[in-house]
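Trainee: Contents are PDB, C-alpha atoms, pLDDT in the B column; file name run-v3.pdb:
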MODEL        1
ATOM      1  CA  MET A 705      -6.146  21.294  18.174  1.00 46.00           C
ATOM      2  CA  HIS A 706      -6.753  19.290  21.318  1.00 50.00           C
ATOM      3  CA  SER A 707     -10.192  18.247  22.448  1.00 49.00           C
ATOM      4  CA  LEU A 708     -11.554  19.970  25.522  1.00 50.00           C
ATOM      5  CA  PHE A 709     -13.158  16.715  26.547  1.00 62.00           C
ATOM      6  CA  PRO A 710     -11.223  15.318  29.513  1.00 70.00           C
ATOM      7  CA  PHE A 711     -10.836  11.754  28.238  1.00 79.00           C
ATOM      8  CA  PRO A 712     -11.224   9.623  25.120  1.00 91.00           C
ATOM      9  CA  PRO A 713     -14.694   8.413  24.048  1.00 95.00           C
ATOM     10  CA  PRO A 714     -14.006   4.740  24.933  1.00 95.00           C
ATOM     11  CA  LEU A 715     -13.171   5.829  28.468  1.00 95.00           C
ATOM     12  CA  LEU A 716     -16.368   7.903  28.563  1.00 96.00           C
ATOM     13  CA  CYS A 717     -18.288   4.808  27.459  1.00 97.00           C
ATOM     14  CA  PHE A 718     -16.668   2.779  30.249  1.00 97.00           C
ATOM     15  CA  ALA A 719     -17.414   5.476  32.842  1.00 96.00           C
ATOM     16  CA  VAL A 720     -21.047   5.667  31.760  1.00 97.00           C
ATOM     17  CA  GLY A 721     -21.234   1.871  31.953  1.00 98.00           C
ATOM     18  CA  VAL A 722     -19.913   1.950  35.529  1.00 98.00           C
ATOM     19  CA  VAL A 723     -22.511   4.563  36.480  1.00 98.00           C
ATOM     20  CA  MET A 724     -25.239   2.472  34.826  1.00 98.00           C
ATOM     21  CA  TYR A 725     -24.126  -0.502  36.947  1.00 98.00           C
ATOM     22  CA  ALA A 726     -24.159   1.589  40.132  1.00 97.00           C
ATOM     23  CA  LEU A 727     -27.689   2.905  39.581  1.00 96.00           C
ATOM     24  CA  PRO A 728     -30.432   1.315  41.665  1.00 95.00           C
ATOM     25  CA  PRO A 729     -32.361  -1.363  39.746  1.00 92.00           C
ATOM     26  CA  ILE A 730     -35.607   0.547  39.275  1.00 90.00           C
ATOM     27  CA  GLY A 731     -38.087  -0.839  36.756  1.00 89.00           C
ATOM     28  CA  LEU A 732     -36.757  -4.370  36.357  1.00 89.00           C
ATOM     29  CA  HIS A 733     -37.273  -6.095  33.014  1.00 88.00           C
ATOM     30  CA  SER A 734     -36.280  -9.407  31.485  1.00 89.00           C
ATOM     31  CA  LYS A 735     -32.819  -9.871  30.049  1.00 87.00           C
ATOM     32  CA  PHE A 736     -33.071 -10.365  26.311  1.00 87.00           C
ATOM     33  CA  PHE A 737     -30.039 -12.552  25.625  1.00 94.00           C
ATOM     34  CA  TYR A 738     -30.477 -12.715  21.837  1.00 96.00           C
ATOM     35  CA  ALA A 739     -30.784  -8.938  21.664  1.00 96.00           C
ATOM     36  CA  ILE A 740     -27.733  -8.531  23.910  1.00 97.00           C
ATOM     37  CA  TRP A 741     -25.634 -10.701  21.597  1.00 97.00           C
ATOM     38  CA  PHE A 742     -27.054  -8.958  18.540  1.00 98.00           C
ATOM     39  CA  PHE A 743     -25.967  -5.529  19.832  1.00 98.00           C
ATOM     40  CA  ILE A 744     -22.537  -6.810  20.895  1.00 98.00           C
ATOM     41  CA  LEU A 745     -21.886  -8.367  17.489  1.00 98.00           C
ATOM     42  CA  LEU A 746     -23.264  -5.329  15.673  1.00 98.00           C
ATOM     43  CA  SER A 747     -21.002  -3.090  17.757  1.00 98.00           C
ATOM     44  CA  ILE A 748     -17.945  -5.179  16.892  1.00 98.00           C
ATOM     45  CA  PHE A 749     -18.864  -5.129  13.208  1.00 98.00           C
ATOM     46  CA  VAL A 750     -19.403  -1.354  13.138  1.00 98.00           C
ATOM     47  CA  ALA A 751     -16.149  -0.692  15.031  1.00 98.00           C
ATOM     48  CA  ALA A 752     -14.099  -3.071  12.879  1.00 98.00           C
ATOM     49  CA  THR A 753     -15.410  -1.727   9.578  1.00 98.00           C
ATOM     50  CA  SER A 754     -14.835   1.890  10.626  1.00 97.00           C
ATOM     51  CA  VAL A 755     -11.292   1.206  11.831  1.00 96.00           C
ATOM     52  CA  TRP A 756     -10.663  -0.685   8.585  1.00 97.00           C
ATOM     53  CA  GLN A 757     -11.786   2.345   6.540  1.00 96.00           C
ATOM     54  CA  PHE A 758      -9.452   4.619   8.498  1.00 94.00           C
ATOM     55  CA  TYR A 759      -6.608   2.129   8.026  1.00 94.00           C
ATOM     56  CA  ARG A 760      -7.301   1.848   4.269  1.00 94.00           C
ATOM     57  CA  HIS A 761      -7.158   5.627   3.909  1.00 93.00           C
ATOM     58  CA  ASN A 762      -4.179   6.021   6.250  1.00 90.00           C
ATOM     59  CA  ALA A 763      -6.239   8.344   8.465  1.00 89.00           C
ATOM     60  CA  SER A 764      -5.820   9.080  12.173  1.00 86.00           C
ATOM     61  CA  ILE A 765      -8.378   7.661  14.603  1.00 87.00           C
ATOM     62  CA  ASP A 766      -7.211   9.760  17.555  1.00 86.00           C
ATOM     63  CA  PRO A 767     -10.340  11.609  18.769  1.00 84.00           C
ATOM     64  CA  LEU A 768      -8.324  13.840  21.094  1.00 81.00           C
ATOM     65  CA  ARG A 769      -5.965  15.180  18.412  1.00 84.00           C
ATOM     66  CA  LEU A 770      -8.130  16.643  15.704  1.00 83.00           C
ATOM     67  CA  ASP A 771      -5.103  18.315  14.136  1.00 84.00           C
ATOM     68  CA  LYS A 772      -3.869  14.854  13.080  1.00 87.00           C
ATOM     69  CA  THR A 773      -6.777  14.626  10.637  1.00 88.00           C
ATOM     70  CA  THR A 774      -5.369  14.525   7.112  1.00 88.00           C
ATOM     71  CA  ARG A 775      -8.285  13.273   5.046  1.00 91.00           C
ATOM     72  CA  LEU A 776     -12.041  12.963   5.075  1.00 95.00           C
ATOM     73  CA  VAL A 777     -13.163   9.319   5.028  1.00 96.00           C
ATOM     74  CA  THR A 778     -16.580   8.952   3.375  1.00 96.00           C
ATOM     75  CA  SER A 779     -16.538   5.392   2.021  1.00 95.00           C
ATOM     76  CA  GLY A 780     -17.737   2.106   3.470  1.00 96.00           C
ATOM     77  CA  ILE A 781     -19.667   2.446   6.701  1.00 97.00           C
ATOM     78  CA  PHE A 782     -19.072   6.195   6.608  1.00 97.00           C
ATOM     79  CA  GLN A 783     -21.713   6.294   3.848  1.00 97.00           C
ATOM     80  CA  ILE A 784     -24.285   5.230   6.472  1.00 97.00           C
ATOM     81  CA  THR A 785     -23.137   7.130   9.565  1.00 98.00           C
ATOM     82  CA  ARG A 786     -20.636   9.942  10.104  1.00 97.00           C
ATOM     83  CA  ASN A 787     -19.661   8.550  13.522  1.00 97.00           C
ATOM     84  CA  PRO A 788     -19.520   4.754  13.371  1.00 98.00           C
ATOM     85  CA  MET A 789     -16.925   4.469  16.139  1.00 97.00           C
ATOM     86  CA  TYR A 790     -19.141   6.386  18.551  1.00 97.00           C
ATOM     87  CA  LEU A 791     -22.119   4.388  17.307  1.00 98.00           C
ATOM     88  CA  SER A 792     -20.273   1.171  18.198  1.00 98.00           C
ATOM     89  CA  LEU A 793     -19.740   2.484  21.737  1.00 98.00           C
ATOM     90  CA  LEU A 794     -23.438   3.345  21.960  1.00 98.00           C
ATOM     91  CA  LEU A 795     -24.383  -0.164  20.805  1.00 98.00           C
ATOM     92  CA  ILE A 796     -22.218  -1.678  23.556  1.00 98.00           C
ATOM     93  CA  LEU A 797     -24.026   0.495  26.096  1.00 98.00           C
ATOM     94  CA  VAL A 798     -27.382  -0.681  24.718  1.00 98.00           C
ATOM     95  CA  ALA A 799     -26.254  -4.294  25.204  1.00 98.00           C
ATOM     96  CA  TRP A 800     -25.107  -3.387  28.730  1.00 98.00           C
ATOM     97  CA  ALA A 801     -28.468  -1.766  29.553  1.00 97.00           C
ATOM     98  CA  LEU A 802     -30.247  -4.893  28.327  1.00 96.00           C
ATOM     99  CA  TRP A 803     -27.942  -7.052  30.457  1.00 96.00           C
ATOM    100  CA  LEU A 804     -28.502  -4.926  33.568  1.00 96.00           C
ATOM    101  CA  GLY A 805     -32.217  -5.446  33.101  1.00 94.00           C
ATOM    102  CA  HIS A 806     -33.661  -2.276  34.606  1.00 94.00           C
ATOM    103  CA  LEU A 807     -35.123   0.887  33.166  1.00 94.00           C
ATOM    104  CA  LEU A 808     -32.906   3.336  35.049  1.00 96.00           C
ATOM    105  CA  ALA A 809     -29.851   1.903  33.270  1.00 96.00           C
ATOM    106  CA  TRP A 810     -31.181   3.400  30.032  1.00 97.00           C
ATOM    107  CA  SER A 811     -30.470   6.866  31.409  1.00 97.00           C
ATOM    108  CA  GLY A 812     -26.801   6.082  30.720  1.00 98.00           C
ATOM    109  CA  ILE A 813     -27.599   5.808  27.012  1.00 98.00           C
ATOM    110  CA  ILE A 814     -29.150   9.271  27.069  1.00 98.00           C
ATOM    111  CA  ALA A 815     -26.208  10.685  29.031  1.00 97.00           C
ATOM    112  CA  PHE A 816     -23.664   9.150  26.636  1.00 98.00           C
ATOM    113  CA  VAL A 817     -25.406  10.522  23.532  1.00 97.00           C
ATOM    114  CA  PHE A 818     -25.686  13.979  25.103  1.00 97.00           C
ATOM    115  CA  LEU A 819     -22.044  14.078  26.255  1.00 96.00           C
ATOM    116  CA  ILE A 820     -20.509  12.690  23.071  1.00 96.00           C
ATOM    117  CA  ASN A 821     -22.642  14.997  20.883  1.00 96.00           C
ATOM    118  CA  ARG A 822     -21.948  18.080  22.975  1.00 93.00           C
ATOM    119  CA  PHE A 823     -18.283  17.690  23.817  1.00 91.00           C
ATOM    120  CA  GLN A 824     -16.783  15.511  21.077  1.00 93.00           C
ATOM    121  CA  ILE A 825     -18.810  15.353  17.876  1.00 95.00           C
ATOM    122  CA  SER A 826     -19.742  19.033  17.746  1.00 93.00           C
ATOM    123  CA  ARG A 827     -16.066  20.018  18.066  1.00 91.00           C
ATOM    124  CA  GLU A 828     -15.060  17.504  15.413  1.00 93.00           C
ATOM    125  CA  GLU A 829     -17.708  18.831  13.037  1.00 95.00           C
ATOM    126  CA  ILE A 830     -16.547  22.423  13.478  1.00 95.00           C
ATOM    127  CA  TYR A 831     -12.946  21.378  12.855  1.00 94.00           C
ATOM    128  CA  LEU A 832     -13.794  19.228   9.806  1.00 95.00           C
ATOM    129  CA  GLU A 833     -15.885  22.000   8.276  1.00 96.00           C
ATOM    130  CA  LYS A 834     -12.998  24.447   8.666  1.00 96.00           C
ATOM    131  CA  LYS A 835     -10.473  21.971   7.277  1.00 95.00           C
ATOM    132  CA  PHE A 836     -12.466  20.436   4.408  1.00 96.00           C
ATOM    133  CA  GLY A 837     -15.031  23.170   3.701  1.00 96.00           C
ATOM    134  CA  GLU A 838     -17.617  22.452   1.048  1.00 97.00           C
ATOM    135  CA  GLU A 839     -16.566  18.799   0.720  1.00 97.00           C
ATOM    136  CA  TYR A 840     -17.462  18.207   4.381  1.00 97.00           C
ATOM    137  CA  ARG A 841     -20.689  20.250   4.145  1.00 97.00           C
ATOM    138  CA  ARG A 842     -21.848  18.098   1.188  1.00 97.00           C
ATOM    139  CA  TYR A 843     -20.962  14.917   3.098  1.00 98.00           C
ATOM    140  CA  LYS A 844     -22.729  16.214   6.214  1.00 97.00           C
ATOM    141  CA  SER A 845     -25.874  16.968   4.197  1.00 97.00           C
ATOM    142  CA  LYS A 846     -25.979  13.416   2.779  1.00 97.00           C
ATOM    143  CA  VAL A 847     -25.005  11.292   5.804  1.00 98.00           C
ATOM    144  CA  ARG A 848     -26.594  11.456   9.238  1.00 97.00           C
ATOM    145  CA  ARG A 849     -24.608  11.956  12.445  1.00 96.00           C
ATOM    146  CA  TRP A 850     -25.615   8.634  14.003  1.00 94.00           C
ATOM    147  CA  ILE A 851     -27.817   6.482  11.725  1.00 88.00           C
TER     148      ILE A 851
ENDMDL
END
Represent the structure of the file as structure tokens.

Mentor:
Amino acid sequence: MHSLFPFPPPLLCFAVGVVMYALPPIGLHSKFFYAIWFFILLSIFVAATSVWQFYRHNASIDPLRLDKTTRLVTSGIFQITRNPMYLSLLLILVAWALWLGHLLAWSGIIAFVFLINRFQISREEIYLEKKFGEEYRRYKSKVRRWI
């Protein structure tokens, strides 16, 4: 099963970041350097721990080829969020919005969450529920989509 989404989530994140950069700087605010570094480091941590869990369980991380999914990973960071890789992309965009220093940049965060929920995560959830049934439904009832 291929995703209908035209490109991988990291490329979506990059595209949203480019749009955020191109937006006019409306509603300027200070750049919070400590917060920027916090979100960058948190993003790296979340991404690394989620990739490590997939590696440990010999699971596919290809978001465009759902049919490569062979197992449901529910340990480690996946006990806190069902989508840590997408969360790490969101955290990078939060750091980017803080760096850009204007309120209109935050619209990119909203756009990213909407697009990734609508076109990637919802399709993954449908597929995982079909493939893993009750096991996935129990997991979904215990662990939130984002945080």

Trainee: Please identify all polymer residues lying at most 9 Å from the point (-33.1, -5.6, 35.5) (file coordinates), using all atoms listed in the file, and present the result as a PyMOL selection string.

Mentor: chain A and resi 729-735+801-809

Trainee: Could you check the closest approach to A:Phe736 for each of A:Val798, A:Leu768, A:Ala751, A:Leu715 and tell me which residue wins, using only C-alpha atoms?

Mentor: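 Closest candidate: A:Val798.
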
Trainee: Could you check the closest approach to A:Leu794 for each of A:His761, A:Ile813, A:Val755, A:Thr778 and tell me which residue wins, using all atoms listed in the file?

Mentor: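 Selected residue with least distance to A:Leu794: A:Ile813.
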
Trainee: Any chance you could work out the residue set of the PyMOL selection byres ((chain A and resi 774) around 9) here, as an mmCIF file with C-alpha atoms, keeping the file's coordinate frame?

Mentor:
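The file below, expr-v7.cif, is the result:
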data_model
loop_
_atom_site.group_PDB
_atom_site.id
_atom_site.type_symbol
_atom_site.label_atom_id
_atom_site.label_comp_id
_atom_site.auth_asym_id
_atom_site.auth_seq_id
_atom_site.Cartn_x
_atom_site.Cartn_y
_atom_site.Cartn_z
ATOM 1 C CA ASN A 762 -4.179 6.021 6.250
ATOM 2 C CA ALA A 763 -6.239 8.344 8.465
ATOM 3 C CA SER A 764 -5.820 9.080 12.173
ATOM 4 C CA ASP A 771 -5.103 18.315 14.136
ATOM 5 C CA LYS A 772 -3.869 14.854 13.080
ATOM 6 C CA THR A 773 -6.777 14.626 10.637
ATOM 7 C CA ARG A 775 -8.285 13.273 5.046
ATOM 8 C CA LEU A 776 -12.041 12.963 5.075
#

Trainee: Pick the closest to A:Pro714 from A:Phe737, A:Phe743, A:Tyr790, A:Phe836: which is it, counting all atoms listed in the file?

Mentor: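 Among A:Phe737, A:Phe743, A:Tyr790, A:Phe836, it is A:Tyr790 that comes nearest to A:Pro714.
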
Trainee: Which neighbours of A:Leu746 fall inside 10 Å, counting only C-alpha atoms, when residues of the same chain fewer than 6 positions from it are skipped, and could you give them as a list in words?

Mentor: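 Residues near the query, excluding close chain neighbours: Ile740, Ala752, Leu791, Ser792, Leu795 and Ile796 of chain A.
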
Trainee: Given the file above and the PyMOL selection byres ((chain A and resi 781) around 12), which residues are selected, and can you give them as a PyMOL selection string?

Mentor: chain A and resi 749-758+777-780+782-789+791-792+847-848+850-851

Trainee: Quick one: axis-aligned box around all listed atoms of stretch 771-776 of chain A, 6 Å on every side, centre and edge lengths in Å to one decimal, written as JSON.

Mentor:
{"center_x": -8.0, "center_y": 15.6, "center_z": 9.6, "size_x": 20.2, "size_y": 17.4, "size_z": 21.1}

Trainee: From the set A:Gly837, A:Pro713, A:Gly812, A:Pro728, which residue has the shortest atom-to-atom contact distance to A:Ile765, counting all atoms listed in the file?

Mentor: A:Pro713

Trainee: Just give me the gap between atom CA of A:Arg769 and atom CA of A:Asn821 in Å, one decimal is fine.

Mentor: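 Spanning atom CA of A:Arg769 to atom CA of A:Asn821 is a straight-line distance of 16.9 Å.
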
Trainee: At what distance in Å, to one decimal, does atom CA of A:Phe816 lie from atom CA of A:Tyr843?

Mentor: 24.4 Å

Trainee: Taking only C-alpha atoms into account, which of A:Ile744, A:Leu797, A:Leu832, A:Ala739 comes nearest A:Ser811?

Mentor: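 Looking at the shortest contact to A:Ser811, the residue is A:Leu797.
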
Trainee: Provide the atom CA of A:Gly721 to atom CA of A:Phe742 distance in Å, to one decimal place.

Mentor: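 Here the two named atoms are 18.2 Å from each other.
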
Trainee: Could you tell me, as a PyMOL selection string, which residues have any atom at most 12 Å from (-9.9, 14.9, 19.0), counting all atoms listed in the file?

Mentor: chain A and resi 705-713+764-773+820+823-832

Trainee: Any chance you could build stretch 797-823 of chain A out to N, CA and C atoms and write it as a PDB file, in the coordinates of the input?

Mentor:
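Output (result-v9.pdb):
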ATOM      1  N   LEU A 797     -23.251   0.028  24.942  1.00 98.00           N
ATOM      2  CA  LEU A 797     -24.026   0.495  26.096  1.00 98.00           C
ATOM      3  C   LEU A 797     -25.475   0.001  26.036  1.00 98.00           C
ATOM      4  N   VAL A 798     -26.034  -0.118  24.851  1.00 98.00           N
ATOM      5  CA  VAL A 798     -27.382  -0.681  24.718  1.00 98.00           C
ATOM      6  C   VAL A 798     -27.370  -2.140  25.179  1.00 98.00           C
ATOM      7  N   ALA A 799     -26.373  -2.896  24.746  1.00 98.00           N
ATOM      8  CA  ALA A 799     -26.254  -4.294  25.204  1.00 98.00           C
ATOM      9  C   ALA A 799     -26.105  -4.348  26.723  1.00 98.00           C
ATOM     10  N   TRP A 800     -25.322  -3.442  27.285  1.00 98.00           N
ATOM     11  CA  TRP A 800     -25.107  -3.387  28.730  1.00 98.00           C
ATOM     12  C   TRP A 800     -26.408  -3.058  29.462  1.00 98.00           C
ATOM     13  N   ALA A 801     -27.179  -2.111  28.941  1.00 97.00           N
ATOM     14  CA  ALA A 801     -28.468  -1.766  29.553  1.00 97.00           C
ATOM     15  C   ALA A 801     -29.417  -2.962  29.516  1.00 97.00           C
ATOM     16  N   LEU A 802     -29.418  -3.691  28.413  1.00 96.00           N
ATOM     17  CA  LEU A 802     -30.247  -4.893  28.327  1.00 96.00           C
ATOM     18  C   LEU A 802     -29.795  -5.942  29.339  1.00 96.00           C
ATOM     19  N   TRP A 803     -28.488  -6.084  29.499  1.00 96.00           N
ATOM     20  CA  TRP A 803     -27.942  -7.052  30.457  1.00 96.00           C
ATOM     21  C   TRP A 803     -28.295  -6.660  31.896  1.00 96.00           C
ATOM     22  N   LEU A 804     -28.190  -5.378  32.214  1.00 96.00           N
ATOM     23  CA  LEU A 804     -28.502  -4.926  33.568  1.00 96.00           C
ATOM     24  C   LEU A 804     -29.967  -5.159  33.905  1.00 96.00           C
ATOM     25  N   GLY A 805     -30.829  -5.063  32.925  1.00 94.00           N
ATOM     26  CA  GLY A 805     -32.217  -5.446  33.101  1.00 94.00           C
ATOM     27  C   GLY A 805     -33.078  -4.516  33.930  1.00 94.00           C
ATOM     28  N   HIS A 806     -32.762  -3.221  33.931  1.00 94.00           N
ATOM     29  CA  HIS A 806     -33.661  -2.276  34.606  1.00 94.00           C
ATOM     30  C   HIS A 806     -33.724  -0.961  33.833  1.00 94.00           C
ATOM     31  N   LEU A 807     -34.856  -0.314  33.969  1.00 94.00           N
ATOM     32  CA  LEU A 807     -35.123   0.887  33.166  1.00 94.00           C
ATOM     33  C   LEU A 807     -34.185   2.047  33.464  1.00 94.00           C
ATOM     34  N   LEU A 808     -33.765   2.206  34.700  1.00 96.00           N
ATOM     35  CA  LEU A 808     -32.906   3.336  35.049  1.00 96.00           C
ATOM     36  C   LEU A 808     -31.549   3.265  34.334  1.00 96.00           C
ATOM     37  N   ALA A 809     -31.119   2.054  33.997  1.00 96.00           N
ATOM     38  CA  ALA A 809     -29.851   1.903  33.270  1.00 96.00           C
ATOM     39  C   ALA A 809     -29.881   2.624  31.929  1.00 96.00           C
ATOM     40  N   TRP A 810     -31.056   2.747  31.334  1.00 97.00           N
ATOM     41  CA  TRP A 810     -31.181   3.400  30.032  1.00 97.00           C
ATOM     42  C   TRP A 810     -30.855   4.884  30.091  1.00 97.00           C
ATOM     43  N   SER A 811     -30.856   5.462  31.284  1.00 97.00           N
ATOM     44  CA  SER A 811     -30.470   6.866  31.409  1.00 97.00           C
ATOM     45  C   SER A 811     -29.003   7.061  31.020  1.00 97.00           C
ATOM     46  N   GLY A 812     -28.197   6.015  31.156  1.00 98.00           N
ATOM     47  CA  GLY A 812     -26.801   6.082  30.720  1.00 98.00           C
ATOM     48  C   GLY A 812     -26.676   6.263  29.217  1.00 98.00           C
ATOM     49  N   ILE A 813     -27.583   5.663  28.479  1.00 98.00           N
ATOM     50  CA  ILE A 813     -27.599   5.808  27.012  1.00 98.00           C
ATOM     51  C   ILE A 813     -27.841   7.277  26.664  1.00 98.00           C
ATOM     52  N   ILE A 814     -28.822   7.866  27.315  1.00 98.00           N
ATOM     53  CA  ILE A 814     -29.150   9.271  27.069  1.00 98.00           C
ATOM     54  C   ILE A 814     -27.968  10.166  27.441  1.00 98.00           C
ATOM     55  N   ALA A 815     -27.353   9.889  28.586  1.00 97.00           N
ATOM     56  CA  ALA A 815     -26.208  10.685  29.031  1.00 97.00           C
ATOM     57  C   ALA A 815     -25.047  10.566  28.045  1.00 97.00           C
ATOM     58  N   PHE A 816     -24.762   9.352  27.578  1.00 98.00           N
ATOM     59  CA  PHE A 816     -23.664   9.150  26.636  1.00 98.00           C
ATOM     60  C   PHE A 816     -23.898   9.926  25.348  1.00 98.00           C
ATOM     61  N   VAL A 817     -25.100   9.818  24.788  1.00 97.00           N
ATOM     62  CA  VAL A 817     -25.406  10.522  23.532  1.00 97.00           C
ATOM     63  C   VAL A 817     -25.264  12.033  23.734  1.00 97.00           C
ATOM     64  N   PHE A 818     -25.798  12.543  24.839  1.00 97.00           N
ATOM     65  CA  PHE A 818     -25.686  13.979  25.103  1.00 97.00           C
ATOM     66  C   PHE A 818     -24.218  14.402  25.211  1.00 97.00           C
ATOM     67  N   LEU A 819     -23.440  13.689  26.020  1.00 96.00           N
ATOM     68  CA  LEU A 819     -22.044  14.078  26.255  1.00 96.00           C
ATOM     69  C   LEU A 819     -21.191  13.962  25.002  1.00 96.00           C
ATOM     70  N   ILE A 820     -21.342  12.880  24.261  1.00 96.00           N
ATOM     71  CA  ILE A 820     -20.509  12.690  23.071  1.00 96.00           C
ATOM     72  C   ILE A 820     -20.905  13.687  21.979  1.00 96.00           C
ATOM     73  N   ASN A 821     -22.208  13.985  21.858  1.00 96.00           N
ATOM     74  CA  ASN A 821     -22.642  14.997  20.883  1.00 96.00           C
ATOM     75  C   ASN A 821     -22.112  16.376  21.257  1.00 96.00           C
ATOM     76  N   ARG A 822     -22.265  16.729  22.512  1.00 93.00           N
ATOM     77  CA  ARG A 822     -21.948  18.080  22.975  1.00 93.00           C
ATOM     78  C   ARG A 822     -20.446  18.356  23.024  1.00 93.00           C
ATOM     79  N   PHE A 823     -19.685  17.413  23.543  1.00 91.00           N
ATOM     80  CA  PHE A 823     -18.283  17.690  23.817  1.00 91.00           C
ATOM     81  C   PHE A 823     -17.298  17.068  22.839  1.00 91.00           C
TER      82      PHE A 823
END
